[in-house]
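The structure file upload-v2.txt is reproduced below (compact mmCIF, C-alpha atoms).
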# COMPACT_ATOMS: atom_id res chain seq x y z
CA MET B 1 -3.07 -14.47 15.66
CA GLN B 2 -2.34 -14.72 19.37
CA PHE B 3 -2.76 -11.44 21.26
CA PRO B 4 -0.89 -10.62 24.51
CA ILE B 5 -4.08 -9.79 26.41
CA GLU B 6 -2.36 -8.94 29.70
CA ARG B 7 -0.16 -6.36 27.96
CA PHE B 8 -3.28 -4.88 26.40
CA ARG B 9 -5.26 -4.44 29.61
CA GLY B 10 -3.22 -1.53 30.89
CA GLN B 11 -2.86 0.12 27.49
CA SER B 12 -4.87 3.19 26.53
CA THR B 13 -7.16 2.45 23.61
CA PRO B 14 -7.48 2.62 20.68
CA PHE B 15 -4.06 1.52 19.49
CA TYR B 16 -2.47 -0.46 16.68
CA TYR B 17 -0.79 -3.75 17.52
CA TYR B 18 1.92 -5.02 15.17
CA ASP B 19 3.04 -8.65 15.17
CA LEU B 20 6.64 -8.18 14.05
CA ASP B 21 7.25 -11.92 13.94
CA LEU B 22 4.56 -12.18 11.25
CA LEU B 23 6.10 -9.20 9.46
CA ASP B 24 9.46 -11.00 9.46
CA ARG B 25 7.84 -14.16 8.04
CA THR B 26 6.23 -12.07 5.33
CA LEU B 27 9.49 -10.36 4.44
CA ARG B 28 11.28 -13.70 4.20
CA ALA B 29 8.55 -14.96 1.88
CA VAL B 30 8.89 -11.85 -0.32
CA THR B 31 12.66 -12.20 -0.50
CA GLU B 32 12.54 -15.90 -1.36
CA ALA B 33 9.77 -15.58 -3.95
CA SER B 34 11.35 -12.59 -5.71
CA GLY B 35 14.77 -14.17 -6.14
CA TYR B 36 14.75 -14.11 -9.94
CA PRO B 37 17.56 -12.25 -11.76
CA GLY B 38 16.85 -8.54 -12.05
CA PHE B 39 13.86 -8.50 -9.67
CA LYS B 40 13.91 -5.56 -7.22
CA VAL B 41 11.23 -5.07 -4.54
CA HIS B 42 10.31 -1.68 -3.08
CA TYR B 43 8.01 -1.17 -0.10
CA ALA B 44 5.14 1.26 -0.77
CA MET B 45 5.44 3.41 2.33
CA LYS B 46 2.00 4.95 1.94
CA ALA B 47 0.63 1.69 3.40
CA ASN B 48 2.29 2.13 6.80
CA ALA B 49 5.02 4.48 8.02
CA ASN B 50 5.28 3.32 11.64
CA PRO B 51 9.03 3.56 12.46
CA ALA B 52 9.22 0.09 14.03
CA VAL B 53 7.63 -1.41 10.92
CA ILE B 54 9.64 0.41 8.26
CA GLN B 55 12.96 -0.07 10.07
CA ARG B 56 12.28 -3.82 9.96
CA ILE B 57 11.57 -3.59 6.24
CA ALA B 58 14.77 -1.59 5.64
CA ARG B 59 16.83 -4.24 7.46
CA ALA B 60 15.30 -6.88 5.18
CA GLY B 61 16.94 -5.11 2.22
CA LEU B 62 13.88 -3.76 0.40
CA GLY B 63 13.78 -0.40 -1.32
CA VAL B 64 11.03 2.23 -0.98
CA ASP B 65 8.25 3.54 -3.17
CA ALA B 66 7.56 7.06 -1.88
CA VAL B 67 4.72 9.38 -2.90
CA SER B 68 5.70 12.52 -1.00
CA GLY B 69 8.73 14.40 0.18
CA GLY B 70 7.81 13.39 3.71
CA GLU B 71 8.01 9.72 2.77
CA VAL B 72 11.39 10.22 1.10
CA GLU B 73 12.63 11.90 4.30
CA ALA B 74 11.19 9.13 6.50
CA ALA B 75 12.85 6.49 4.34
CA LEU B 76 16.26 8.13 4.69
CA LEU B 77 15.82 8.56 8.45
CA ASN B 78 14.83 4.92 8.98
CA GLY B 79 17.60 3.07 7.23
CA PHE B 80 16.78 3.00 3.51
CA SER B 81 19.51 4.08 1.12
CA ALA B 82 18.72 6.87 -1.33
CA GLY B 83 19.73 4.60 -4.20
CA LYS B 84 16.76 2.34 -3.44
CA ILE B 85 14.09 5.06 -3.34
CA VAL B 86 11.69 5.68 -6.21
CA PHE B 87 9.47 8.75 -6.01
CA ALA B 88 5.98 8.63 -7.52
CA GLY B 89 2.90 10.86 -7.18
CA VAL B 90 1.03 13.23 -9.45
CA GLY B 91 1.70 16.42 -7.46
CA LYS B 92 5.38 16.58 -6.53
CA THR B 93 6.23 20.13 -5.47
CA ASP B 94 9.35 21.99 -6.58
CA ALA B 95 10.77 21.73 -3.06
CA GLU B 96 10.14 17.97 -2.94
CA ILE B 97 11.78 17.44 -6.34
CA GLU B 98 14.83 19.49 -5.39
CA ALA B 99 15.27 17.69 -2.06
CA ALA B 100 14.99 14.29 -3.78
CA LEU B 101 17.54 15.28 -6.41
CA ARG B 102 19.97 16.49 -3.75
CA ALA B 103 19.50 13.22 -1.84
CA GLY B 104 20.34 11.20 -4.94
CA ILE B 105 17.24 9.00 -5.16
CA ALA B 106 17.10 6.16 -7.68
CA CYS B 107 14.28 7.40 -9.88
CA PHE B 108 11.32 9.74 -10.31
CA ASN B 109 8.19 8.04 -11.64
CA VAL B 110 6.91 10.92 -13.76
CA GLU B 111 3.16 11.19 -14.27
CA SER B 112 2.68 14.12 -16.68
CA GLU B 113 4.40 16.26 -19.28
CA ALA B 114 4.10 19.26 -16.95
CA GLU B 115 5.93 17.40 -14.19
CA PHE B 116 8.67 16.30 -16.58
CA GLU B 117 9.31 19.91 -17.59
CA VAL B 118 9.63 21.03 -13.95
CA ILE B 119 12.04 18.19 -13.10
CA GLU B 120 14.12 19.07 -16.15
CA ASP B 121 14.26 22.76 -15.16
CA ILE B 122 15.26 22.01 -11.55
CA ALA B 123 17.89 19.46 -12.61
CA ARG B 124 19.40 22.02 -14.99
CA ARG B 125 19.47 24.66 -12.24
CA LEU B 126 21.18 22.23 -9.84
CA ASN B 127 23.53 20.99 -12.58
CA VAL B 128 22.60 17.34 -11.97
CA LYS B 129 21.02 14.57 -14.00
CA ALA B 130 17.52 13.50 -12.96
CA PRO B 131 16.73 9.77 -13.25
CA VAL B 132 13.27 9.48 -14.77
CA ALA B 133 10.76 6.76 -15.67
CA PHE B 134 7.36 7.51 -17.16
CA ARG B 135 4.25 6.10 -15.55
CA VAL B 136 2.07 4.68 -18.30
CA ASN B 137 -1.62 3.79 -18.08
CA PRO B 138 -1.81 0.42 -19.87
CA GLU B 139 -5.64 0.52 -20.10
CA ILE B 140 -6.13 -2.63 -18.01
CA ASP B 141 -9.13 -2.82 -15.68
CA ALA B 142 -8.12 -4.61 -12.48
CA HIS B 143 -11.81 -4.92 -11.44
CA THR B 144 -11.25 -3.56 -7.96
CA HIS B 145 -12.86 -0.65 -6.06
CA HIS B 146 -13.14 2.42 -8.30
CA TYR B 147 -11.19 4.51 -5.78
CA ILE B 148 -8.14 2.23 -6.16
CA THR B 149 -8.28 1.40 -9.88
CA THR B 150 -5.44 3.34 -11.49
CA GLY B 151 -4.51 1.76 -14.83
CA LEU B 152 -7.21 3.13 -17.12
CA ALA B 153 -6.54 5.63 -19.92
CA GLU B 154 -8.25 8.69 -18.41
CA ASN B 155 -7.00 8.93 -14.87
CA LYS B 156 -5.26 11.51 -12.73
CA PHE B 157 -2.34 9.08 -12.56
CA GLY B 158 0.18 8.52 -15.33
CA VAL B 159 0.16 9.29 -19.04
CA SER B 160 -1.88 7.63 -21.77
CA MET B 161 -0.31 5.27 -24.29
CA GLN B 162 -0.74 7.75 -27.15
CA MET B 163 1.09 10.51 -25.25
CA LEU B 164 4.10 8.37 -24.37
CA ALA B 165 6.28 8.48 -27.51
CA PRO B 166 6.88 12.28 -27.59
CA LEU B 167 7.79 12.25 -23.90
CA ILE B 168 10.32 9.47 -24.38
CA ASP B 169 11.89 11.37 -27.31
CA ARG B 170 12.20 14.48 -25.14
CA ALA B 171 13.73 12.53 -22.26
CA ILE B 172 16.30 10.81 -24.46
CA SER B 173 17.37 14.07 -26.07
CA SER B 174 17.60 16.03 -22.79
CA ASP B 175 21.05 16.82 -21.42
CA VAL B 176 19.85 16.71 -17.78
CA ILE B 177 17.60 13.65 -17.85
CA ASP B 178 18.75 10.07 -17.27
CA PHE B 179 15.88 8.18 -18.90
CA ARG B 180 15.46 4.87 -17.07
CA GLY B 181 12.29 3.25 -18.39
CA LEU B 182 8.59 2.74 -17.77
CA HIS B 183 6.41 2.47 -14.69
CA PHE B 184 2.97 0.83 -14.44
CA HIS B 185 0.41 0.38 -11.68
CA ILE B 186 -3.04 -1.02 -12.44
CA GLY B 187 -4.72 -0.88 -9.04
CA SER B 188 -4.78 -2.19 -5.50
CA GLN B 189 -6.20 -5.15 -3.53
CA ILE B 190 -6.08 -7.38 -6.63
CA THR B 191 -6.83 -11.00 -5.71
CA ASP B 192 -7.43 -12.35 -9.22
CA PHE B 193 -3.99 -12.74 -10.78
CA ALA B 194 -5.28 -12.52 -14.37
CA PRO B 195 -4.79 -8.72 -14.64
CA PHE B 196 -1.10 -9.14 -13.80
CA GLY B 197 -0.75 -11.55 -16.74
CA LEU B 198 -2.49 -9.04 -19.00
CA LEU B 199 -0.08 -6.37 -17.80
CA CYS B 200 2.86 -8.60 -18.77
CA ASP B 201 1.42 -9.06 -22.26
CA ARG B 202 0.92 -5.31 -22.65
CA ILE B 203 4.47 -4.54 -21.52
CA ASN B 204 5.87 -7.16 -23.93
CA ALA B 205 4.05 -5.44 -26.82
CA ILE B 206 5.27 -2.00 -25.74
CA GLN B 207 8.86 -3.19 -25.47
CA ASP B 208 8.71 -4.83 -28.90
CA GLU B 209 7.34 -1.63 -30.42
CA TYR B 210 10.03 0.62 -28.93
CA GLU B 211 12.87 -1.79 -29.62
CA SER B 212 11.88 -1.62 -33.29
CA ARG B 213 12.66 2.10 -32.98
CA GLY B 214 16.01 1.42 -31.30
CA ILE B 215 14.82 2.40 -27.78
CA HIS B 216 15.76 0.17 -24.83
CA PHE B 217 14.40 0.49 -21.29
CA ALA B 218 16.89 -0.18 -18.49
CA THR B 219 14.07 -0.67 -15.97
CA ILE B 220 10.47 -1.78 -16.01
CA ASN B 221 8.43 -1.03 -12.88
CA VAL B 222 5.16 -2.97 -12.58
CA GLY B 223 3.94 -1.30 -9.38
CA GLY B 224 2.17 -3.40 -6.78
CA GLY B 225 -1.48 -4.18 -6.17
CA LEU B 226 -1.31 -7.70 -4.72
CA GLY B 227 -4.28 -8.17 -2.38
CA ILE B 228 -4.70 -9.95 0.95
CA ASP B 229 -7.40 -12.06 2.64
CA TYR B 230 -9.48 -9.69 4.78
CA ASP B 231 -12.15 -12.31 5.47
CA ASP B 232 -9.97 -15.01 7.03
CA PRO B 233 -6.57 -13.54 7.96
CA ASP B 234 -5.47 -16.54 10.03
CA ALA B 235 -6.00 -18.89 7.07
CA HIS B 236 -3.77 -16.74 4.83
CA PRO B 237 -1.46 -14.66 7.05
CA VAL B 238 1.16 -14.43 4.26
CA PRO B 239 0.00 -13.69 0.68
CA ASP B 240 0.86 -16.00 -2.21
CA PHE B 241 4.01 -14.18 -3.25
CA LYS B 242 5.33 -17.18 -5.14
CA SER B 243 2.43 -17.21 -7.63
CA TYR B 244 2.60 -13.43 -7.93
CA PHE B 245 6.29 -13.23 -8.82
CA ASP B 246 6.09 -16.40 -10.94
CA ILE B 247 3.56 -14.73 -13.26
CA PHE B 248 6.04 -11.98 -14.08
CA HIS B 249 8.90 -14.45 -14.41
CA ARG B 250 6.93 -16.57 -16.89
CA ARG B 251 4.98 -13.96 -18.83
CA LEU B 252 7.21 -10.88 -18.98
CA ARG B 253 10.06 -11.05 -21.47
CA LEU B 254 12.88 -9.18 -19.77
CA ARG B 255 15.83 -8.10 -21.89
CA PRO B 256 19.43 -8.93 -20.89
CA GLY B 257 20.50 -6.76 -17.97
CA GLN B 258 17.03 -5.26 -17.55
CA GLU B 259 15.71 -4.68 -14.03
CA LEU B 260 12.13 -5.42 -13.01
CA HIS B 261 10.87 -3.35 -10.07
CA PHE B 262 7.89 -4.04 -7.81
CA GLU B 263 6.14 -1.74 -5.34
CA LEU B 264 4.31 -3.81 -2.72
CA GLY B 265 2.66 -2.21 0.30
CA ARG B 266 -0.55 -3.78 1.58
CA ALA B 267 0.66 -7.33 0.89
CA ILE B 268 3.67 -6.80 3.16
CA VAL B 269 2.14 -5.08 6.20
CA ALA B 270 -1.64 -5.55 6.27
CA GLN B 271 -1.85 -8.86 8.11
CA CYS B 272 0.67 -8.01 10.81
CA GLY B 273 -1.44 -5.12 12.14
CA SER B 274 -4.66 -5.03 14.18
CA LEU B 275 -6.59 -2.10 15.62
CA ILE B 276 -7.40 -2.75 19.28
CA THR B 277 -10.43 -0.90 20.63
CA ARG B 278 -12.42 -0.97 23.85
CA VAL B 279 -16.19 -1.29 24.12
CA ILE B 280 -17.60 1.83 25.78
CA TYR B 281 -21.28 0.94 25.74
CA VAL B 282 -23.61 -1.81 24.60
CA LYS B 283 -26.77 -0.14 23.34
CA LYS B 284 -29.96 -2.08 22.74
CA GLY B 285 -32.27 -0.70 20.07
CA VAL B 286 -35.70 -1.89 19.06
CA GLU B 287 -34.33 -4.60 16.79
CA ARG B 288 -30.55 -4.24 16.88
CA ARG B 289 -27.68 -4.29 19.34
CA PHE B 290 -24.89 -1.74 19.03
CA ALA B 291 -21.37 -2.20 20.36
CA ILE B 292 -20.08 1.35 20.69
CA VAL B 293 -16.28 1.34 20.75
CA ASP B 294 -13.68 4.03 21.42
CA ALA B 295 -12.06 3.71 17.97
CA GLY B 296 -13.66 5.50 15.08
CA MET B 297 -13.23 6.37 11.45
CA THR B 298 -10.49 8.77 12.57
CA ASP B 299 -8.43 5.72 13.57
CA LEU B 300 -9.38 3.38 10.70
CA ILE B 301 -11.06 5.09 7.77
CA ARG B 302 -11.18 2.19 5.30
CA PRO B 303 -14.75 1.05 6.16
CA ALA B 304 -16.12 4.60 5.76
CA LEU B 305 -14.03 5.49 2.71
CA TYR B 306 -13.99 2.23 0.75
CA GLN B 307 -16.91 0.33 2.30
CA ALA B 308 -14.21 -2.13 3.39
CA HIS B 309 -14.74 -4.81 6.01
CA HIS B 310 -12.27 -6.01 8.61
CA ASN B 311 -12.65 -9.30 10.42
CA MET B 312 -13.44 -8.62 14.11
CA GLU B 313 -12.76 -10.60 17.28
CA ASN B 314 -13.83 -10.09 20.87
CA ILE B 315 -10.47 -11.02 22.36
CA THR B 316 -11.57 -10.69 26.01
CA ALA B 317 -14.93 -12.48 25.75
CA ALA B 318 -16.01 -14.61 28.66
CA THR B 319 -15.42 -18.34 28.16
CA GLY B 320 -18.52 -19.99 26.70
CA ALA B 321 -20.26 -16.68 26.01
CA PRO B 322 -23.14 -16.93 23.51
CA VAL B 323 -22.57 -15.53 20.01
CA LEU B 324 -24.81 -12.56 19.28
CA ASP B 325 -25.18 -10.04 16.42
CA TYR B 326 -23.90 -6.49 16.85
CA ASP B 327 -23.49 -3.36 14.80
CA VAL B 328 -19.98 -2.22 15.77
CA VAL B 329 -19.85 1.57 15.63
CA GLY B 330 -17.50 4.35 16.65
CA PRO B 331 -17.99 7.63 18.54
CA ILE B 332 -17.52 10.04 15.63
CA CYS B 333 -20.42 12.35 14.79
CA GLU B 334 -20.87 10.85 11.32
CA SER B 335 -23.38 8.20 10.27
CA SER B 336 -20.63 6.52 8.24
CA ASP B 337 -18.63 5.80 11.41
CA VAL B 338 -19.53 2.10 11.31
CA PHE B 339 -17.02 -0.77 11.33
CA GLY B 340 -19.52 -3.51 10.65
CA LYS B 341 -23.17 -4.52 10.80
CA ASP B 342 -24.56 -7.83 12.04
CA GLU B 343 -21.16 -8.90 13.32
CA HIS B 344 -21.27 -12.34 14.97
CA LEU B 345 -19.34 -11.91 18.22
CA PRO B 346 -19.22 -13.66 21.58
CA GLU B 347 -21.41 -11.60 23.91
CA VAL B 348 -19.95 -8.11 24.16
CA ARG B 349 -19.77 -6.29 27.47
CA ARG B 350 -18.59 -2.84 28.49
CA GLY B 351 -14.79 -2.90 28.74
CA ASP B 352 -14.25 -5.78 26.35
CA LEU B 353 -11.42 -5.44 23.83
CA LEU B 354 -12.16 -5.96 20.14
CA ALA B 355 -9.48 -6.56 17.51
CA LEU B 356 -10.07 -5.32 13.97
CA ARG B 357 -7.80 -7.53 11.95
CA SER B 358 -5.76 -6.94 8.76
CA ALA B 359 -5.35 -3.27 9.67
CA GLY B 360 -1.61 -2.92 9.15
CA ALA B 361 -2.09 -1.21 5.78
CA TYR B 362 -3.90 2.11 5.35
CA GLY B 363 -4.82 2.15 9.02
CA GLU B 364 -2.55 4.10 11.37
CA VAL B 365 -1.02 6.03 8.48
CA MET B 366 -4.44 7.47 7.48
CA ALA B 367 -5.53 8.43 11.00
CA SER B 368 -6.77 11.98 11.57
CA ARG B 369 -7.71 14.32 14.41
CA TYR B 370 -11.27 14.98 13.22
CA ASN B 371 -13.53 15.85 16.20
CA LEU B 372 -10.21 16.87 17.87
CA ARG B 373 -9.56 13.25 18.80
CA GLN B 374 -6.11 12.00 19.75
CA LEU B 375 -4.20 9.93 17.23
CA PRO B 376 -4.06 6.21 18.03
CA GLY B 377 -0.96 4.81 19.69
CA SER B 378 0.93 1.67 18.70
CA LEU B 379 2.36 -1.42 20.38
CA CYS B 380 4.67 -4.02 18.86
CA SER B 381 5.10 -7.70 19.65
CA ASP B 382 8.67 -7.23 20.78
Would you give me this structure, written as structure tokens?
Amino acid sequence: MQFPIERFRGQSTPFYYYDLDLLDRTLRAVTEASGYPGFKVHYAMKANANPAVIQRIARAGLGVDAVSGGEVEAALLNGFSAGKIVFAGVGKTDAEIEAALRAGIACFNVESEAEFEVIEDIARRLNVKAPVAFRVNPEIDAHTHHYITTGLAENKFGVSMQMLAPLIDRAISSDVIDFRGLHFHIGSQITDFAPFGLLCDRINAIQDEYESRGIHFATINVGGGLGIDYDDPDAHPVPDFKSYFDIFHRRLRLRPGQELHFELGRAIVAQCGSLITRVIYVKKGVERRFAIVDAGMTDLIRPALYQAHHNMENITAATGAPVLDYDVVGPICESSDVFGKDEHLPEVRRGDLLALRSAGAYGEVMASRYNLRQLPGSLCSD
């Protein structure tokens, strides 16, 4: 990625930089690769809710996967139609459910019997029909970080396979529920495509079982989870969407007229974003060098929360500077406020700008004001 260094020099740091040209390339790739009949792509807004980013995504024609009332509201304010919004999340409040029903969203992805009962009660009070799909845990291990594995049987997300049938019967018989189908999500940052094939096989078996009972699902939602290349973002700036969508086209047996929904977040926005931070001090220890920067875990929490690593660049290094090893750390009063250890960087000096790459997903949107720090700003390529 080419950075506009002169624009950066006068900018207060830390801030997020978004390459909207790369975002546009990514959106074109998604649209082209998902062009099979019945395929519908939603953007998982929890990855990034920067207005400039999500307005671009809305103009590309994608829908939204929201997990809070605030995300539903942001989607409506930034150009997404209500009929393309699906609302997931294990803890939807009564107020959020009512607002979503009044807005006319496309579907609630329901994650428990208790939630279903509340949606039914509110729909009856409002005298409307609530579109509902049940999130099912298909008991597939995506072999990713345990914080972002979501498809196992005992999980705060979704309902188990053995609890599904009674819920479907209740939804079909309800006078205020428009039962739409099933929703799945097996995890995040999945780079081995095999689990997606296993998910297709599981859905095929479930559909066969319920069709034998005379039950048809209008929609199947397979969630998201497609990972990106954090180690070498310039080698793979756009994920392999073609192989991803092709798996579902080949392996999942859709019924005539059935819609297949996807909820991609990280894969769409991660590579277009970088966190730009300034070196405050270079500290020499007994055996290690520390590059102390003005960004911290309050600005990008993934390394502290998930032990994640972001590729780093010294984008203002002197020409021909020797490459040295640094521990890149932030100013927060927590020992976990470390972006990387033994980072190979051209010699770092006070005032240099570092770019933490692949930070467009779960970066700015997760920022906090811990230590009473200011939230990071943002800058876009155009």
Contact check, stretch 164-203 of chain B to stretch 118-131 of chain B, at most 10 Å, counting only C-alpha atoms, closest pairs as a tab-separated table:
residue	atom	partner	partner_atom	distance
B:Ala171	CA	B:Glu120	CA	9.0
B:Ser174	CA	B:Glu120	CA	8.1
B:Asp175	CA	B:Lys129	CA	7.8
B:Val176	CA	B:Lys129	CA	4.5
B:Ile177	CA	B:Ala130	CA	4.9
B:Asp178	CA	B:Pro131	CA	4.5
B:Phe179	CA	B:Pro131	CA	5.9
B:Arg180	CA	B:Pro131	CA	6.3
B:Gly181	CA	B:Pro131	CA	9.4
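Closest to B:Asp94 among B:Gln374, B:Glu115, B:Asp327, B:Phe290 is B:Glu115, based on only C-alpha atoms.
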Using all atoms listed in the file, what table do you get, as CSV, when you list each residue of stretch 261-357 of chain B with an atom no more than 12 Å from stretch 202-222 of chain B, its nearest pair of atoms, and their distance in Å rounded to one decimal, rows by chain then rising number?
residue,atom,partner,partner_atom,distance
B:His261,CA,B:Asn221,CA,4.4
B:Phe262,CA,B:Val222,CA,5.6
B:Glu263,CA,B:Val222,CA,7.4
B:Leu264,CA,B:Val222,CA,9.9
Got time to write the residues from that selection, C-alpha atoms, as a PDB file, in the frame of the given file?
ATOM      1  CA  HIS B 261      10.870  -3.350 -10.070  1.00  0.00           C
ATOM      2  CA  PHE B 262       7.890  -4.040  -7.810  1.00  0.00           C
ATOM      3  CA  GLU B 263       6.140  -1.740  -5.340  1.00  0.00           C
ATOM      4  CA  LEU B 264       4.310  -3.810  -2.720  1.00  0.00           C
TER       5      LEU B 264
END
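Distances here use all atoms listed in the file; by that measure, the residue among B:Val328, B:Leu260, B:Ala308, B:Cys333 closest to B:Phe248 is B:Leu260.
Taking only C-alpha atoms into account, B:Phe80 lies nearest to B:Gly63 out of the set B:Glu96, B:Gly63, B:Val159, B:Asp231.
The space between atom CA of B:Gly223 and atom CA of B:Asp192 spans 15.9 Å.
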Atom CA of B:Gly330 to atom CA of B:Ser274, straight-line distance in Å: 16.1 Å
If we count all atoms listed in the file and set the cut-off at 8 Å, which residues sit around B:Ser358, ignoring sequence neighbours fewer than 4 positions away in its own chain? Please answer as a PDB file with C-alpha atoms, in the frame of the given file.
ATOM      1  CA  TYR B 230      -9.480  -9.690   4.780  1.00  0.00           C
ATOM      2  CA  PRO B 233      -6.570 -13.540   7.960  1.00  0.00           C
ATOM      3  CA  ALA B 270      -1.640  -5.550   6.270  1.00  0.00           C
ATOM      4  CA  GLN B 271      -1.850  -8.860   8.110  1.00  0.00           C
ATOM      5  CA  CYS B 272       0.670  -8.010  10.810  1.00  0.00           C
ATOM      6  CA  GLY B 273      -1.440  -5.120  12.140  1.00  0.00           C
ATOM      7  CA  SER B 274      -4.660  -5.030  14.180  1.00  0.00           C
ATOM      8  CA  HIS B 310     -12.270  -6.010   8.610  1.00  0.00           C
ATOM      9  CA  ASN B 311     -12.650  -9.300  10.420  1.00  0.00           C
TER      10      ASN B 311
END
Build an axis-aligned box that encloses every atom of stretch 275-289 of chain B listed in the file, pad it by 4 Å on each side, and report its centre and edge lengths in Å to one decimal, as AutoDock Vina command-line options.
--center_x -21.1 --center_y -1.4 --center_z 20.7 --size_x 37.1 --size_y 14.4 --size_z 18.2
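Here the question is which of B:Leu182, B:Ala82, B:Leu167, B:Leu300 gets nearest to B:Ser112 using all atoms listed in the file, and that residue is B:Leu167.
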Long-range neighbours of B:Leu372 as a PyMOL selection string, 12 Å cut-off, only C-alpha atoms, 5 positions minimum in chain: chain B and resi 298+332-333+367
Selected residue, from B:Leu345, B:Leu199, B:Ala267, B:Ala133, that lies nearest to B:Ile228 when counting all atoms listed in the file: B:Ala267
Atomic distance atom CA of B:His309 - atom CA of B:Asp337, expressed in Å with one decimal: 12.5 Å
Residue among B:Asp382, B:Glu347, B:Glu139, B:Val365 lying closest to B:Leu20, counting all atoms listed in the file: B:Asp382
Neighbour list for B:Lys283 as an MDAnalysis selection string, cut-off 12 Å, all atoms listed in the file, skip fewer than 2 positions in-chain: chainID B and resid 279:281 285:293 326:329 348:350
Restrict the calculation to only C-alpha atoms, then for each residue of stretch 85-139 of chain B with any atom at most 12 Å from an atom of stretch 44-58 of chain B give the closest atom pair and their distance in Å to one decimal, rows by chain and rising residue number, as a tab-separated table.
residue	atom	partner	partner_atom	distance
B:Ile85	CA	B:Ala44	CA	10.1
B:Val86	CA	B:Ala44	CA	9.6
B:Phe87	CA	B:Ala44	CA	10.1
B:Ala88	CA	B:Ala44	CA	10.0
B:Gly89	CA	B:Lys46	CA	10.9
Taking the point (-3.6, -0.8, 13.8) as given in the file, collect each protein or nucleic acid residue that comes within 9 Å of it, counting all atoms listed in the file, and present the set as an mmCIF file with C-alpha atoms, keeping the file's coordinate frame.
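Final file, selection13.cif:
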data_model
loop_
_atom_site.group_PDB
_atom_site.id
_atom_site.type_symbol
_atom_site.label_atom_id
_atom_site.label_comp_id
_atom_site.auth_asym_id
_atom_site.auth_seq_id
_atom_site.Cartn_x
_atom_site.Cartn_y
_atom_site.Cartn_z
ATOM 1 C CA PRO B 14 -7.480 2.620 20.680
ATOM 2 C CA PHE B 15 -4.060 1.520 19.490
ATOM 3 C CA TYR B 16 -2.470 -0.460 16.680
ATOM 4 C CA TYR B 17 -0.790 -3.750 17.520
ATOM 5 C CA TYR B 18 1.920 -5.020 15.170
ATOM 6 C CA CYS B 272 0.670 -8.010 10.810
ATOM 7 C CA GLY B 273 -1.440 -5.120 12.140
ATOM 8 C CA SER B 274 -4.660 -5.030 14.180
ATOM 9 C CA LEU B 275 -6.590 -2.100 15.620
ATOM 10 C CA ILE B 276 -7.400 -2.750 19.280
ATOM 11 C CA ASP B 299 -8.430 5.720 13.570
ATOM 12 C CA LEU B 300 -9.380 3.380 10.700
ATOM 13 C CA LEU B 356 -10.070 -5.320 13.970
ATOM 14 C CA ARG B 357 -7.800 -7.530 11.950
ATOM 15 C CA SER B 358 -5.760 -6.940 8.760
ATOM 16 C CA ALA B 359 -5.350 -3.270 9.670
ATOM 17 C CA GLY B 360 -1.610 -2.920 9.150
ATOM 18 C CA ALA B 361 -2.090 -1.210 5.780
ATOM 19 C CA TYR B 362 -3.900 2.110 5.350
ATOM 20 C CA GLY B 363 -4.820 2.150 9.020
ATOM 21 C CA GLU B 364 -2.550 4.100 11.370
ATOM 22 C CA PRO B 376 -4.060 6.210 18.030
ATOM 23 C CA GLY B 377 -0.960 4.810 19.690
ATOM 24 C CA SER B 378 0.930 1.670 18.700
ATOM 25 C CA LEU B 379 2.360 -1.420 20.380
#
Just want the 6 Å neighbourhood of B:Asp325, counted on all atoms listed in the file, with same-chain residues fewer than 3 positions away dropped. Output as a PDB file with C-alpha atoms, in the coordinates of the input.
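Written output follows (part.pdb):
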ATOM      1  CA  ASP B 342     -24.560  -7.830  12.040  1.00  0.00           C
ATOM      2  CA  GLU B 343     -21.160  -8.900  13.320  1.00  0.00           C
ATOM      3  CA  HIS B 344     -21.270 -12.340  14.970  1.00  0.00           C
TER       4      HIS B 344
END
Can you list, as a PDB file with C-alpha atoms, in the coordinates of the input, every protein, DNA or RNA residue that comes within 8 Å of B:Pro346 when you count all atoms listed in the file, leaving out same-chain residues fewer than 5 positions away?
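Generated output (around_14.pdb):
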ATOM      1  CA  ASN B 314     -13.830 -10.090  20.870  1.00  0.00           C
ATOM      2  CA  ALA B 317     -14.930 -12.480  25.750  1.00  0.00           C
ATOM      3  CA  ALA B 318     -16.010 -14.610  28.660  1.00  0.00           C
ATOM      4  CA  ALA B 321     -20.260 -16.680  26.010  1.00  0.00           C
ATOM      5  CA  PRO B 322     -23.140 -16.930  23.510  1.00  0.00           C
ATOM      6  CA  VAL B 323     -22.570 -15.530  20.010  1.00  0.00           C
ATOM      7  CA  LEU B 324     -24.810 -12.560  19.280  1.00  0.00           C
TER       8      LEU B 324
END
